[in-house]
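Trainee: As input, take my_file24.txt (compact mmCIF, N, CA, C and O atoms):
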# COMPACT_ATOMS: atom_id res chain seq x y z
N MET A 101 20.71 -8.86 -4.15
CA MET A 101 19.30 -8.66 -3.82
C MET A 101 19.04 -9.12 -2.38
O MET A 101 19.48 -10.19 -1.99
N VAL A 102 18.34 -8.30 -1.63
CA VAL A 102 18.01 -8.63 -0.25
C VAL A 102 16.77 -9.53 -0.24
O VAL A 102 15.77 -9.24 -0.89
N GLU A 103 16.89 -10.64 0.49
CA GLU A 103 15.75 -11.56 0.56
C GLU A 103 14.71 -11.03 1.55
O GLU A 103 15.02 -10.23 2.43
N TYR A 104 13.50 -11.52 1.39
CA TYR A 104 12.41 -11.18 2.29
C TYR A 104 12.47 -12.11 3.50
O TYR A 104 12.86 -13.27 3.38
N ARG A 105 12.06 -11.59 4.63
CA ARG A 105 11.96 -12.41 5.82
C ARG A 105 10.59 -13.08 5.81
O ARG A 105 9.59 -12.43 5.48
N ILE A 106 10.53 -14.35 6.18
CA ILE A 106 9.28 -15.11 6.16
C ILE A 106 8.76 -15.24 7.58
O ILE A 106 9.48 -15.68 8.48
N LEU A 107 7.51 -14.83 7.80
CA LEU A 107 6.82 -15.02 9.07
C LEU A 107 5.59 -15.88 8.82
O LEU A 107 5.03 -15.86 7.73
N TYR A 108 5.16 -16.61 9.84
CA TYR A 108 4.03 -17.52 9.70
C TYR A 108 2.94 -17.18 10.70
O TYR A 108 3.22 -16.94 11.87
N SER A 109 1.69 -17.20 10.24
CA SER A 109 0.56 -17.03 11.16
C SER A 109 0.38 -18.33 11.95
O SER A 109 0.94 -19.37 11.59
N LYS A 110 -0.40 -18.27 13.03
CA LYS A 110 -0.69 -19.49 13.81
C LYS A 110 -1.33 -20.55 12.93
O LYS A 110 -1.02 -21.72 13.02
N GLU A 111 -2.25 -20.10 12.06
CA GLU A 111 -2.94 -21.03 11.17
C GLU A 111 -1.97 -21.70 10.21
O GLU A 111 -2.06 -22.90 9.95
N ALA A 112 -1.01 -20.93 9.70
CA ALA A 112 -0.03 -21.49 8.76
C ALA A 112 0.85 -22.54 9.45
O ALA A 112 1.19 -23.55 8.84
N LEU A 113 1.18 -22.31 10.71
CA LEU A 113 1.98 -23.29 11.43
C LEU A 113 1.19 -24.59 11.62
O LEU A 113 1.76 -25.68 11.51
N LYS A 114 -0.09 -24.48 11.89
CA LYS A 114 -0.94 -25.67 11.99
C LYS A 114 -1.05 -26.36 10.63
O LYS A 114 -1.01 -27.58 10.53
N ASP A 115 -1.18 -25.54 9.58
CA ASP A 115 -1.29 -26.09 8.23
C ASP A 115 -0.04 -26.85 7.83
O ASP A 115 -0.11 -27.85 7.10
N ALA A 116 1.12 -26.40 8.29
CA ALA A 116 2.39 -27.06 7.94
C ALA A 116 2.38 -28.52 8.39
O ALA A 116 2.89 -29.39 7.69
N LYS A 117 1.78 -28.79 9.55
CA LYS A 117 1.70 -30.17 10.03
C LYS A 117 0.82 -31.01 9.12
O LYS A 117 1.12 -32.17 8.82
N LYS A 118 -0.28 -30.42 8.64
CA LYS A 118 -1.16 -31.14 7.72
C LYS A 118 -0.45 -31.43 6.41
O LYS A 118 -0.60 -32.50 5.83
N LEU A 119 0.33 -30.46 5.93
CA LEU A 119 1.06 -30.65 4.67
C LEU A 119 2.06 -31.79 4.78
O LEU A 119 2.22 -32.57 3.85
N THR A 120 2.72 -31.88 5.93
CA THR A 120 3.69 -32.96 6.14
C THR A 120 2.99 -34.31 6.07
O THR A 120 3.47 -35.22 5.39
N SER A 121 1.84 -34.44 6.72
CA SER A 121 1.13 -35.72 6.71
C SER A 121 0.56 -36.04 5.33
O SER A 121 0.32 -37.21 5.02
N ALA A 122 0.35 -35.03 4.49
CA ALA A 122 -0.19 -35.25 3.15
C ALA A 122 0.93 -35.32 2.10
O ALA A 122 0.66 -35.32 0.90
N ASN A 123 2.18 -35.36 2.56
CA ASN A 123 3.35 -35.42 1.66
C ASN A 123 3.41 -34.23 0.70
O ASN A 123 3.82 -34.39 -0.45
N LEU A 124 3.03 -33.06 1.17
CA LEU A 124 3.08 -31.85 0.35
C LEU A 124 4.07 -30.82 0.88
O LEU A 124 4.18 -29.73 0.34
N SER A 125 4.80 -31.17 1.93
CA SER A 125 5.67 -30.19 2.56
C SER A 125 6.81 -29.75 1.64
O SER A 125 7.21 -28.59 1.67
N GLU A 126 7.34 -30.64 0.81
CA GLU A 126 8.43 -30.26 -0.08
C GLU A 126 7.98 -29.20 -1.10
O GLU A 126 8.69 -28.25 -1.37
N LYS A 127 6.79 -29.39 -1.66
CA LYS A 127 6.26 -28.42 -2.62
C LYS A 127 6.07 -27.06 -1.95
O LYS A 127 6.40 -26.02 -2.52
N ALA A 128 5.54 -27.07 -0.72
CA ALA A 128 5.34 -25.81 0.01
C ALA A 128 6.69 -25.15 0.29
O ALA A 128 6.82 -23.93 0.14
N LYS A 129 7.70 -25.93 0.66
CA LYS A 129 9.03 -25.36 0.92
C LYS A 129 9.61 -24.72 -0.33
O LYS A 129 10.25 -23.67 -0.26
N GLU A 130 9.41 -25.37 -1.48
CA GLU A 130 9.89 -24.80 -2.75
C GLU A 130 9.24 -23.44 -3.01
O GLU A 130 9.92 -22.48 -3.40
N LEU A 131 7.93 -23.35 -2.79
CA LEU A 131 7.22 -22.08 -3.00
C LEU A 131 7.71 -21.01 -2.03
O LEU A 131 7.86 -19.85 -2.40
N ILE A 132 7.94 -21.40 -0.78
CA ILE A 132 8.41 -20.43 0.22
C ILE A 132 9.79 -19.90 -0.16
O ILE A 132 10.06 -18.71 -0.01
N GLU A 133 10.65 -20.75 -0.68
CA GLU A 133 11.96 -20.29 -1.12
C GLU A 133 11.84 -19.31 -2.29
O GLU A 133 12.58 -18.34 -2.37
N ILE A 134 10.90 -19.55 -3.18
CA ILE A 134 10.68 -18.63 -4.30
C ILE A 134 10.21 -17.28 -3.79
O ILE A 134 10.75 -16.24 -4.19
N ILE A 135 9.22 -17.27 -2.88
CA ILE A 135 8.72 -15.98 -2.39
C ILE A 135 9.70 -15.29 -1.46
O ILE A 135 9.66 -14.08 -1.31
N ARG A 136 10.61 -16.06 -0.84
CA ARG A 136 11.66 -15.44 -0.01
C ARG A 136 12.56 -14.56 -0.90
O ARG A 136 12.96 -13.47 -0.52
N LYS A 137 12.85 -15.04 -2.10
CA LYS A 137 13.70 -14.29 -3.03
C LYS A 137 12.93 -13.20 -3.74
O LYS A 137 13.43 -12.09 -3.91
N ASP A 138 11.72 -13.52 -4.20
CA ASP A 138 10.91 -12.55 -4.94
C ASP A 138 9.44 -12.97 -4.87
O ASP A 138 9.03 -13.88 -5.59
N PRO A 139 8.64 -12.34 -4.01
CA PRO A 139 7.24 -12.75 -3.86
C PRO A 139 6.38 -12.49 -5.09
O PRO A 139 5.25 -12.95 -5.16
N TYR A 140 6.95 -11.78 -6.08
CA TYR A 140 6.19 -11.48 -7.29
C TYR A 140 6.70 -12.26 -8.51
O TYR A 140 6.31 -12.00 -9.63
N GLN A 141 7.61 -13.22 -8.28
CA GLN A 141 8.17 -14.00 -9.39
C GLN A 141 7.08 -14.78 -10.10
O GLN A 141 6.20 -15.37 -9.48
N ASN A 142 7.17 -14.76 -11.42
CA ASN A 142 6.21 -15.50 -12.24
C ASN A 142 7.00 -16.12 -13.38
O ASN A 142 7.65 -15.40 -14.11
N PRO A 143 7.02 -17.42 -13.63
CA PRO A 143 6.35 -18.52 -12.93
C PRO A 143 7.04 -18.88 -11.63
O PRO A 143 8.17 -18.47 -11.46
N PRO A 144 6.43 -19.68 -10.79
CA PRO A 144 5.06 -20.18 -10.90
C PRO A 144 4.05 -19.06 -10.71
O PRO A 144 4.33 -18.10 -9.99
N PRO A 145 2.90 -19.18 -11.36
CA PRO A 145 1.92 -18.10 -11.33
C PRO A 145 1.34 -17.87 -9.93
O PRO A 145 1.29 -18.79 -9.12
N TYR A 146 0.95 -16.65 -9.70
CA TYR A 146 0.27 -16.30 -8.44
C TYR A 146 -0.95 -15.46 -8.79
O TYR A 146 -1.06 -14.94 -9.88
N LYS A 147 -1.87 -15.38 -7.81
CA LYS A 147 -3.07 -14.56 -7.99
C LYS A 147 -3.13 -13.52 -6.89
O LYS A 147 -2.82 -13.81 -5.74
N LYS A 148 -3.58 -12.32 -7.26
CA LYS A 148 -3.91 -11.31 -6.25
C LYS A 148 -5.32 -11.64 -5.77
O LYS A 148 -6.22 -11.87 -6.57
N LEU A 149 -5.49 -11.66 -4.46
CA LEU A 149 -6.79 -12.03 -3.91
C LEU A 149 -7.66 -10.80 -3.68
O LEU A 149 -7.16 -9.68 -3.56
N VAL A 150 -8.96 -11.03 -3.62
CA VAL A 150 -9.94 -9.97 -3.40
C VAL A 150 -10.81 -10.34 -2.21
O VAL A 150 -10.67 -11.40 -1.63
N GLY A 151 -11.74 -9.49 -1.87
CA GLY A 151 -12.65 -9.77 -0.76
C GLY A 151 -11.94 -9.61 0.57
O GLY A 151 -11.14 -8.70 0.76
N ASN A 152 -12.22 -10.53 1.50
CA ASN A 152 -11.63 -10.41 2.83
C ASN A 152 -10.13 -10.69 2.84
O ASN A 152 -9.46 -10.45 3.82
N LEU A 153 -9.58 -11.20 1.73
CA LEU A 153 -8.14 -11.42 1.62
C LEU A 153 -7.49 -10.43 0.64
O LEU A 153 -6.40 -10.69 0.13
N GLN A 154 -8.16 -9.31 0.41
CA GLN A 154 -7.61 -8.31 -0.51
C GLN A 154 -6.23 -7.88 -0.05
O GLN A 154 -6.00 -7.64 1.13
N GLY A 155 -5.32 -7.78 -1.00
CA GLY A 155 -3.95 -7.41 -0.67
C GLY A 155 -3.04 -8.60 -0.49
O GLY A 155 -1.82 -8.46 -0.43
N ALA A 156 -3.61 -9.80 -0.39
CA ALA A 156 -2.83 -11.02 -0.25
C ALA A 156 -2.66 -11.68 -1.62
O ALA A 156 -3.31 -11.31 -2.59
N PHE A 157 -1.77 -12.65 -1.67
CA PHE A 157 -1.48 -13.39 -2.89
C PHE A 157 -1.64 -14.88 -2.62
O PHE A 157 -1.53 -15.33 -1.48
N SER A 158 -1.85 -15.64 -3.68
CA SER A 158 -2.05 -17.08 -3.56
C SER A 158 -1.26 -17.79 -4.64
O SER A 158 -1.20 -17.34 -5.79
N ARG A 159 -0.64 -18.91 -4.25
CA ARG A 159 0.03 -19.81 -5.20
C ARG A 159 -0.43 -21.23 -4.91
O ARG A 159 -0.66 -21.59 -3.77
N ARG A 160 -0.52 -22.02 -5.96
CA ARG A 160 -0.96 -23.41 -5.82
C ARG A 160 0.14 -24.28 -5.23
O ARG A 160 1.26 -24.26 -5.71
N ILE A 161 -0.22 -25.05 -4.21
CA ILE A 161 0.65 -26.12 -3.73
C ILE A 161 0.31 -27.37 -4.56
O ILE A 161 1.19 -28.07 -5.04
N ASN A 162 -0.99 -27.61 -4.71
CA ASN A 162 -1.50 -28.64 -5.63
C ASN A 162 -2.87 -28.19 -6.09
O ASN A 162 -3.25 -27.04 -5.88
N ILE A 163 -3.64 -29.06 -6.67
CA ILE A 163 -4.94 -28.69 -7.24
C ILE A 163 -5.90 -28.15 -6.16
O ILE A 163 -6.71 -27.27 -6.42
N GLN A 164 -5.77 -28.64 -4.93
CA GLN A 164 -6.70 -28.26 -3.87
C GLN A 164 -6.13 -27.21 -2.92
O GLN A 164 -6.85 -26.31 -2.49
N HIS A 165 -4.88 -27.30 -2.58
CA HIS A 165 -4.30 -26.47 -1.52
C HIS A 165 -3.52 -25.29 -2.06
O HIS A 165 -2.88 -25.38 -3.11
N ARG A 166 -3.57 -24.19 -1.32
CA ARG A 166 -2.93 -22.94 -1.71
C ARG A 166 -2.02 -22.42 -0.59
O ARG A 166 -2.31 -22.61 0.58
N LEU A 167 -0.99 -21.72 -1.01
CA LEU A 167 -0.16 -20.97 -0.09
C LEU A 167 -0.62 -19.52 -0.23
O LEU A 167 -0.55 -18.94 -1.31
N VAL A 168 -1.14 -18.96 0.85
CA VAL A 168 -1.68 -17.60 0.85
C VAL A 168 -0.75 -16.73 1.69
O VAL A 168 -0.44 -17.08 2.83
N TYR A 169 -0.31 -15.60 1.12
CA TYR A 169 0.64 -14.75 1.83
C TYR A 169 0.41 -13.28 1.52
O TYR A 169 -0.24 -12.94 0.54
N GLU A 170 0.93 -12.44 2.40
CA GLU A 170 0.89 -11.01 2.17
C GLU A 170 2.31 -10.46 2.25
O GLU A 170 3.16 -11.05 2.92
N VAL A 171 2.55 -9.37 1.55
CA VAL A 171 3.89 -8.79 1.46
C VAL A 171 3.88 -7.40 2.08
O VAL A 171 3.01 -6.59 1.78
N ARG A 172 4.83 -7.16 2.98
CA ARG A 172 5.06 -5.82 3.54
C ARG A 172 6.37 -5.31 2.99
O ARG A 172 7.44 -5.73 3.44
N GLU A 173 6.30 -4.44 2.00
CA GLU A 173 7.51 -3.93 1.36
C GLU A 173 8.33 -3.05 2.29
O GLU A 173 9.55 -3.00 2.17
N SER A 174 7.67 -2.36 3.22
CA SER A 174 8.37 -1.40 4.08
C SER A 174 9.51 -2.04 4.86
O SER A 174 10.57 -1.45 5.02
N ASP A 175 9.32 -3.28 5.33
CA ASP A 175 10.39 -3.97 6.06
C ASP A 175 10.75 -5.31 5.42
O ASP A 175 11.39 -6.14 6.06
N ARG A 176 10.36 -5.50 4.16
CA ARG A 176 10.70 -6.69 3.37
C ARG A 176 10.34 -7.99 4.09
O ARG A 176 11.17 -8.86 4.30
N VAL A 177 9.07 -8.08 4.47
CA VAL A 177 8.54 -9.25 5.17
C VAL A 177 7.43 -9.88 4.33
O VAL A 177 6.59 -9.18 3.78
N VAL A 178 7.45 -11.20 4.25
CA VAL A 178 6.34 -11.96 3.67
C VAL A 178 5.72 -12.73 4.82
O VAL A 178 6.41 -13.47 5.53
N ARG A 179 4.43 -12.54 5.02
CA ARG A 179 3.72 -13.25 6.09
C ARG A 179 2.84 -14.32 5.44
O ARG A 179 1.93 -14.00 4.69
N VAL A 180 3.14 -15.56 5.75
CA VAL A 180 2.36 -16.68 5.23
C VAL A 180 1.12 -16.82 6.10
O VAL A 180 1.23 -17.01 7.32
N LEU A 181 -0.05 -16.69 5.48
CA LEU A 181 -1.31 -16.73 6.22
C LEU A 181 -1.86 -18.15 6.31
O LEU A 181 -2.31 -18.56 7.38
N ARG A 182 -1.88 -18.86 5.20
CA ARG A 182 -2.44 -20.22 5.16
C ARG A 182 -1.65 -21.07 4.17
O ARG A 182 -1.09 -20.55 3.22
N MET A 183 -1.68 -22.39 4.40
CA MET A 183 -1.04 -23.32 3.49
C MET A 183 -1.90 -24.57 3.28
O MET A 183 -1.39 -25.60 2.89
N TRP A 184 -3.17 -24.47 3.56
CA TRP A 184 -4.03 -25.65 3.47
C TRP A 184 -5.39 -25.23 2.92
O TRP A 184 -5.87 -24.15 3.23
N SER A 185 -5.97 -26.07 2.14
CA SER A 185 -7.30 -25.88 1.58
C SER A 185 -7.32 -24.70 0.62
O SER A 185 -6.29 -24.18 0.22
N HIS A 186 -8.50 -24.30 0.24
CA HIS A 186 -8.67 -23.26 -0.77
C HIS A 186 -9.16 -22.00 -0.10
O HIS A 186 -10.35 -21.85 0.17
N TYR A 187 -8.26 -21.07 0.20
CA TYR A 187 -8.58 -19.78 0.82
C TYR A 187 -9.33 -19.93 2.13
O TYR A 187 -10.32 -19.26 2.38
N GLY A 188 -8.88 -20.86 2.96
CA GLY A 188 -9.42 -20.98 4.31
C GLY A 188 -10.74 -21.71 4.43
O GLY A 188 -11.40 -21.62 5.44
N GLU A 189 -11.13 -22.47 3.41
CA GLU A 189 -12.40 -23.23 3.49
C GLU A 189 -12.30 -24.31 4.53
O GLU A 189 -11.27 -24.84 4.79
Can you dump the structure from the file as C-alpha cells?

Mentor:
Amino acid sequence: MVEYRILYSKEALKDAKKLTSANLSEKAKELIEIIRKDPYQNPPPYKKLVGNLQGAFSRRINIQHRLVYEVRESDRVVRVLRMWSHYGE
C-alpha cells in the first residue's frame, strides 16, 4: 500500500509548537502516522466536517483539541490544516 504524503498549513506548524508545550505532541504524531497510512481508518473515529470546512476531516487529539485535515486522492496527499483548539476557535 502506498502511503499518503503529509503536508502542513502555516497554522498547523504554529499549532505543533503549542502541542509540544501542552505535552500533546506524541498523541498528534500517532494520529498523523495513522492518516499517513490510511486517512479513512476507523478506529480511531473521525468526523467529516461541514460548513466552511466541508470536505475536511477531524480526529480528536484530546477532549479539546482536534487534528483537522483534508485528503487529495489524485496525488495521495493529506494536508493537515489545524492541530489546536476546536475547529479553529

Trainee: Name all residues at most 8 Å from Lys110 in chain A (count all atoms listed in the file; drop same-chain ones fewer than 6 positions away) and give them as a VMD selection string.

Mentor: chain A and resid 116 180 to 182

Trainee: Which polymer residues have any atom within 7 Å of an atom of range 124-128 of chain A, counting all atoms listed in the file, with same-chain residues fewer than 6 positions away left out, as a short mmCIF file (atom, residue, chain, number, x, y, z; two decimals) with N, CA, C and O atoms, in the coordinates of the input?

Mentor:
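New file result_15.cif:
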data_model
loop_
_atom_site.label_atom_id
_atom_site.label_comp_id
_atom_site.auth_asym_id
_atom_site.auth_seq_id
_atom_site.Cartn_x
_atom_site.Cartn_y
_atom_site.Cartn_z
N ALA A 116 1.12 -26.40 8.29
CA ALA A 116 2.39 -27.06 7.94
C ALA A 116 2.38 -28.52 8.39
O ALA A 116 2.89 -29.39 7.69
N LYS A 118 -0.28 -30.42 8.64
CA LYS A 118 -1.16 -31.14 7.72
C LYS A 118 -0.45 -31.43 6.41
O LYS A 118 -0.60 -32.50 5.83
N ILE A 134 10.90 -19.55 -3.18
CA ILE A 134 10.68 -18.63 -4.30
C ILE A 134 10.21 -17.28 -3.79
O ILE A 134 10.75 -16.24 -4.19
N ARG A 160 -0.52 -22.02 -5.96
CA ARG A 160 -0.96 -23.41 -5.82
C ARG A 160 0.14 -24.28 -5.23
O ARG A 160 1.26 -24.26 -5.71
N ILE A 161 -0.22 -25.05 -4.21
CA ILE A 161 0.65 -26.12 -3.73
C ILE A 161 0.31 -27.37 -4.56
O ILE A 161 1.19 -28.07 -5.04
#

Trainee: Could you tell me how far CA of Arg179 in chain A sits from CA of Pro144 in chain A, in Å to one decimal place?

Mentor: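 Computing it gives 18.4 Å between the two atoms.
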
Trainee: For Tyr104 in chain A, list every protein, DNA or RNA residue within 6 Å, evaluated using only N, CA, C and O atoms, and leave out those in the same chain fewer than 3 positions away; present the list as a ChimeraX atom specification.

Mentor: /A:135-137,176-178

Trainee: Filtering to N, CA, C and O atoms, could you give me those residues as a short mmCIF file (atom, residue, chain, number, x, y, z; two decimals), in the coordinates of the input?

Mentor:
data_model
loop_
_atom_site.label_atom_id
_atom_site.label_comp_id
_atom_site.auth_asym_id
_atom_site.auth_seq_id
_atom_site.Cartn_x
_atom_site.Cartn_y
_atom_site.Cartn_z
N ILE A 135 9.22 -17.27 -2.88
CA ILE A 135 8.72 -15.98 -2.39
C ILE A 135 9.70 -15.29 -1.46
O ILE A 135 9.66 -14.08 -1.31
N ARG A 136 10.61 -16.06 -0.84
CA ARG A 136 11.66 -15.44 -0.01
C ARG A 136 12.56 -14.56 -0.90
O ARG A 136 12.96 -13.47 -0.52
N LYS A 137 12.85 -15.04 -2.10
CA LYS A 137 13.70 -14.29 -3.03
C LYS A 137 12.93 -13.20 -3.74
O LYS A 137 13.43 -12.09 -3.91
N ARG A 176 10.36 -5.50 4.16
CA ARG A 176 10.70 -6.69 3.37
C ARG A 176 10.34 -7.99 4.09
O ARG A 176 11.17 -8.86 4.30
N VAL A 177 9.07 -8.08 4.47
CA VAL A 177 8.54 -9.25 5.17
C VAL A 177 7.43 -9.88 4.33
O VAL A 177 6.59 -9.18 3.78
N VAL A 178 7.45 -11.20 4.25
CA VAL A 178 6.34 -11.96 3.67
C VAL A 178 5.72 -12.73 4.82
O VAL A 178 6.41 -13.47 5.53
#

Trainee: What is the distance, in Å and to one decimal place, between CA of Ser158 in chain A and CA of Leu131 in chain A?

Mentor: 10.5 Å

Trainee: Quick one, how far is atom C of Val171 in chain A from CA of Ser121 in chain A?

Mentor: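 If I compute the distance from atom C of Val171 in chain A to CA of Ser121 in chain A, I get 28.8 Å.
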
Trainee: Kindly output range 103-113 of chain A as a PDB file, in the frame of the given file, after building all heavy atoms.

Mentor:
ATOM      1  N   GLU A 103      16.890 -10.640   0.490  1.00  0.00           N
ATOM      2  CA  GLU A 103      15.750 -11.560   0.560  1.00  0.00           C
ATOM      3  C   GLU A 103      14.710 -11.030   1.550  1.00  0.00           C
ATOM      4  O   GLU A 103      15.020 -10.230   2.430  1.00  0.00           O
ATOM      5  CB  GLU A 103      16.230 -12.943   1.005  1.00  0.00           C
ATOM      6  CG  GLU A 103      17.078 -13.620  -0.037  1.00  0.00           C
ATOM      7  CD  GLU A 103      17.410 -15.052   0.331  1.00  0.00           C
ATOM      8  OE1 GLU A 103      17.216 -15.450   1.487  1.00  0.00           O
ATOM      9  OE2 GLU A 103      17.869 -15.771  -0.561  1.00  0.00           O
ATOM     10  N   TYR A 104      13.500 -11.520   1.390  1.00  0.00           N
ATOM     11  CA  TYR A 104      12.410 -11.180   2.290  1.00  0.00           C
ATOM     12  C   TYR A 104      12.470 -12.110   3.500  1.00  0.00           C
ATOM     13  O   TYR A 104      12.860 -13.270   3.380  1.00  0.00           O
ATOM     14  CB  TYR A 104      11.058 -11.350   1.593  1.00  0.00           C
ATOM     15  CG  TYR A 104      10.765 -10.281   0.572  1.00  0.00           C
ATOM     16  CD1 TYR A 104      11.410 -10.263  -0.658  1.00  0.00           C
ATOM     17  CD2 TYR A 104       9.836  -9.284   0.830  1.00  0.00           C
ATOM     18  CE1 TYR A 104      11.145  -9.287  -1.598  1.00  0.00           C
ATOM     19  CE2 TYR A 104       9.560  -8.299  -0.105  1.00  0.00           C
ATOM     20  CZ  TYR A 104      10.223  -8.311  -1.315  1.00  0.00           C
ATOM     21  OH  TYR A 104       9.952  -7.343  -2.237  1.00  0.00           O
ATOM     22  N   ARG A 105      12.060 -11.590   4.630  1.00  0.00           N
ATOM     23  CA  ARG A 105      11.960 -12.410   5.820  1.00  0.00           C
ATOM     24  C   ARG A 105      10.590 -13.080   5.810  1.00  0.00           C
ATOM     25  O   ARG A 105       9.590 -12.430   5.480  1.00  0.00           O
ATOM     26  CB  ARG A 105      12.113 -11.533   7.067  1.00  0.00           C
ATOM     27  CG  ARG A 105      12.364 -12.295   8.330  1.00  0.00           C
ATOM     28  CD  ARG A 105      12.903 -11.392   9.416  1.00  0.00           C
ATOM     29  NE  ARG A 105      12.117 -10.179   9.557  1.00  0.00           N
ATOM     30  CZ  ARG A 105      11.417  -9.863  10.640  1.00  0.00           C
ATOM     31  NH1 ARG A 105      11.423 -10.653  11.699  1.00  0.00           N
ATOM     32  NH2 ARG A 105      10.734  -8.751  10.692  1.00  0.00           N
ATOM     33  N   ILE A 106      10.530 -14.350   6.180  1.00  0.00           N
ATOM     34  CA  ILE A 106       9.280 -15.110   6.160  1.00  0.00           C
ATOM     35  C   ILE A 106       8.760 -15.240   7.580  1.00  0.00           C
ATOM     36  O   ILE A 106       9.480 -15.680   8.480  1.00  0.00           O
ATOM     37  CB  ILE A 106       9.481 -16.521   5.562  1.00  0.00           C
ATOM     38  CG1 ILE A 106      10.114 -16.458   4.176  1.00  0.00           C
ATOM     39  CG2 ILE A 106       8.170 -17.286   5.554  1.00  0.00           C
ATOM     40  CD1 ILE A 106       9.235 -15.879   3.097  1.00  0.00           C
ATOM     41  N   LEU A 107       7.510 -14.830   7.800  1.00  0.00           N
ATOM     42  CA  LEU A 107       6.820 -15.020   9.070  1.00  0.00           C
ATOM     43  C   LEU A 107       5.590 -15.880   8.820  1.00  0.00           C
ATOM     44  O   LEU A 107       5.030 -15.860   7.730  1.00  0.00           O
ATOM     45  CB  LEU A 107       6.395 -13.665   9.653  1.00  0.00           C
ATOM     46  CG  LEU A 107       7.500 -12.648   9.922  1.00  0.00           C
ATOM     47  CD1 LEU A 107       6.903 -11.341  10.432  1.00  0.00           C
ATOM     48  CD2 LEU A 107       8.505 -13.189  10.920  1.00  0.00           C
ATOM     49  N   TYR A 108       5.160 -16.610   9.840  1.00  0.00           N
ATOM     50  CA  TYR A 108       4.030 -17.520   9.700  1.00  0.00           C
ATOM     51  C   TYR A 108       2.940 -17.180  10.700  1.00  0.00           C
ATOM     52  O   TYR A 108       3.220 -16.940  11.870  1.00  0.00           O
ATOM     53  CB  TYR A 108       4.465 -18.978   9.939  1.00  0.00           C
ATOM     54  CG  TYR A 108       5.486 -19.462   8.951  1.00  0.00           C
ATOM     55  CD1 TYR A 108       6.847 -19.302   9.190  1.00  0.00           C
ATOM     56  CD2 TYR A 108       5.090 -20.071   7.769  1.00  0.00           C
ATOM     57  CE1 TYR A 108       7.792 -19.746   8.272  1.00  0.00           C
ATOM     58  CE2 TYR A 108       6.026 -20.522   6.848  1.00  0.00           C
ATOM     59  CZ  TYR A 108       7.368 -20.347   7.116  1.00  0.00           C
ATOM     60  OH  TYR A 108       8.294 -20.788   6.195  1.00  0.00           O
ATOM     61  N   SER A 109       1.690 -17.200  10.240  1.00  0.00           N
ATOM     62  CA  SER A 109       0.560 -17.030  11.160  1.00  0.00           C
ATOM     63  C   SER A 109       0.380 -18.330  11.950  1.00  0.00           C
ATOM     64  O   SER A 109       0.940 -19.370  11.590  1.00  0.00           O
ATOM     65  CB  SER A 109      -0.719 -16.726  10.373  1.00  0.00           C
ATOM     66  OG  SER A 109      -1.109 -17.873   9.638  1.00  0.00           O
ATOM     67  N   LYS A 110      -0.400 -18.270  13.030  1.00  0.00           N
ATOM     68  CA  LYS A 110      -0.690 -19.490  13.810  1.00  0.00           C
ATOM     69  C   LYS A 110      -1.330 -20.550  12.930  1.00  0.00           C
ATOM     70  O   LYS A 110      -1.020 -21.720  13.020  1.00  0.00           O
ATOM     71  CB  LYS A 110      -1.638 -19.164  14.972  1.00  0.00           C
ATOM     72  CG  LYS A 110      -1.003 -18.430  16.107  1.00  0.00           C
ATOM     73  CD  LYS A 110      -2.022 -18.227  17.211  1.00  0.00           C
ATOM     74  CE  LYS A 110      -1.490 -17.331  18.299  1.00  0.00           C
ATOM     75  NZ  LYS A 110      -2.485 -17.088  19.344  1.00  0.00           N
ATOM     76  N   GLU A 111      -2.250 -20.100  12.060  1.00  0.00           N
ATOM     77  CA  GLU A 111      -2.940 -21.030  11.170  1.00  0.00           C
ATOM     78  C   GLU A 111      -1.970 -21.700  10.210  1.00  0.00           C
ATOM     79  O   GLU A 111      -2.060 -22.900   9.950  1.00  0.00           O
ATOM     80  CB  GLU A 111      -4.049 -20.333  10.385  1.00  0.00           C
ATOM     81  CG  GLU A 111      -5.210 -19.858  11.218  1.00  0.00           C
ATOM     82  CD  GLU A 111      -4.974 -18.476  11.839  1.00  0.00           C
ATOM     83  OE1 GLU A 111      -3.918 -17.858  11.563  1.00  0.00           O
ATOM     84  OE2 GLU A 111      -5.835 -18.026  12.598  1.00  0.00           O
ATOM     85  N   ALA A 112      -1.010 -20.930   9.700  1.00  0.00           N
ATOM     86  CA  ALA A 112      -0.030 -21.490   8.760  1.00  0.00           C
ATOM     87  C   ALA A 112       0.850 -22.540   9.450  1.00  0.00           C
ATOM     88  O   ALA A 112       1.190 -23.550   8.840  1.00  0.00           O
ATOM     89  CB  ALA A 112       0.825 -20.381   8.167  1.00  0.00           C
ATOM     90  N   LEU A 113       1.180 -22.310  10.710  1.00  0.00           N
ATOM     91  CA  LEU A 113       1.980 -23.290  11.430  1.00  0.00           C
ATOM     92  C   LEU A 113       1.190 -24.590  11.620  1.00  0.00           C
ATOM     93  O   LEU A 113       1.760 -25.680  11.510  1.00  0.00           O
ATOM     94  CB  LEU A 113       2.437 -22.728  12.781  1.00  0.00           C
ATOM     95  CG  LEU A 113       3.434 -21.571  12.689  1.00  0.00           C
ATOM     96  CD1 LEU A 113       3.693 -20.982  14.063  1.00  0.00           C
ATOM     97  CD2 LEU A 113       4.730 -22.025  12.027  1.00  0.00           C
TER      98      LEU A 113
END
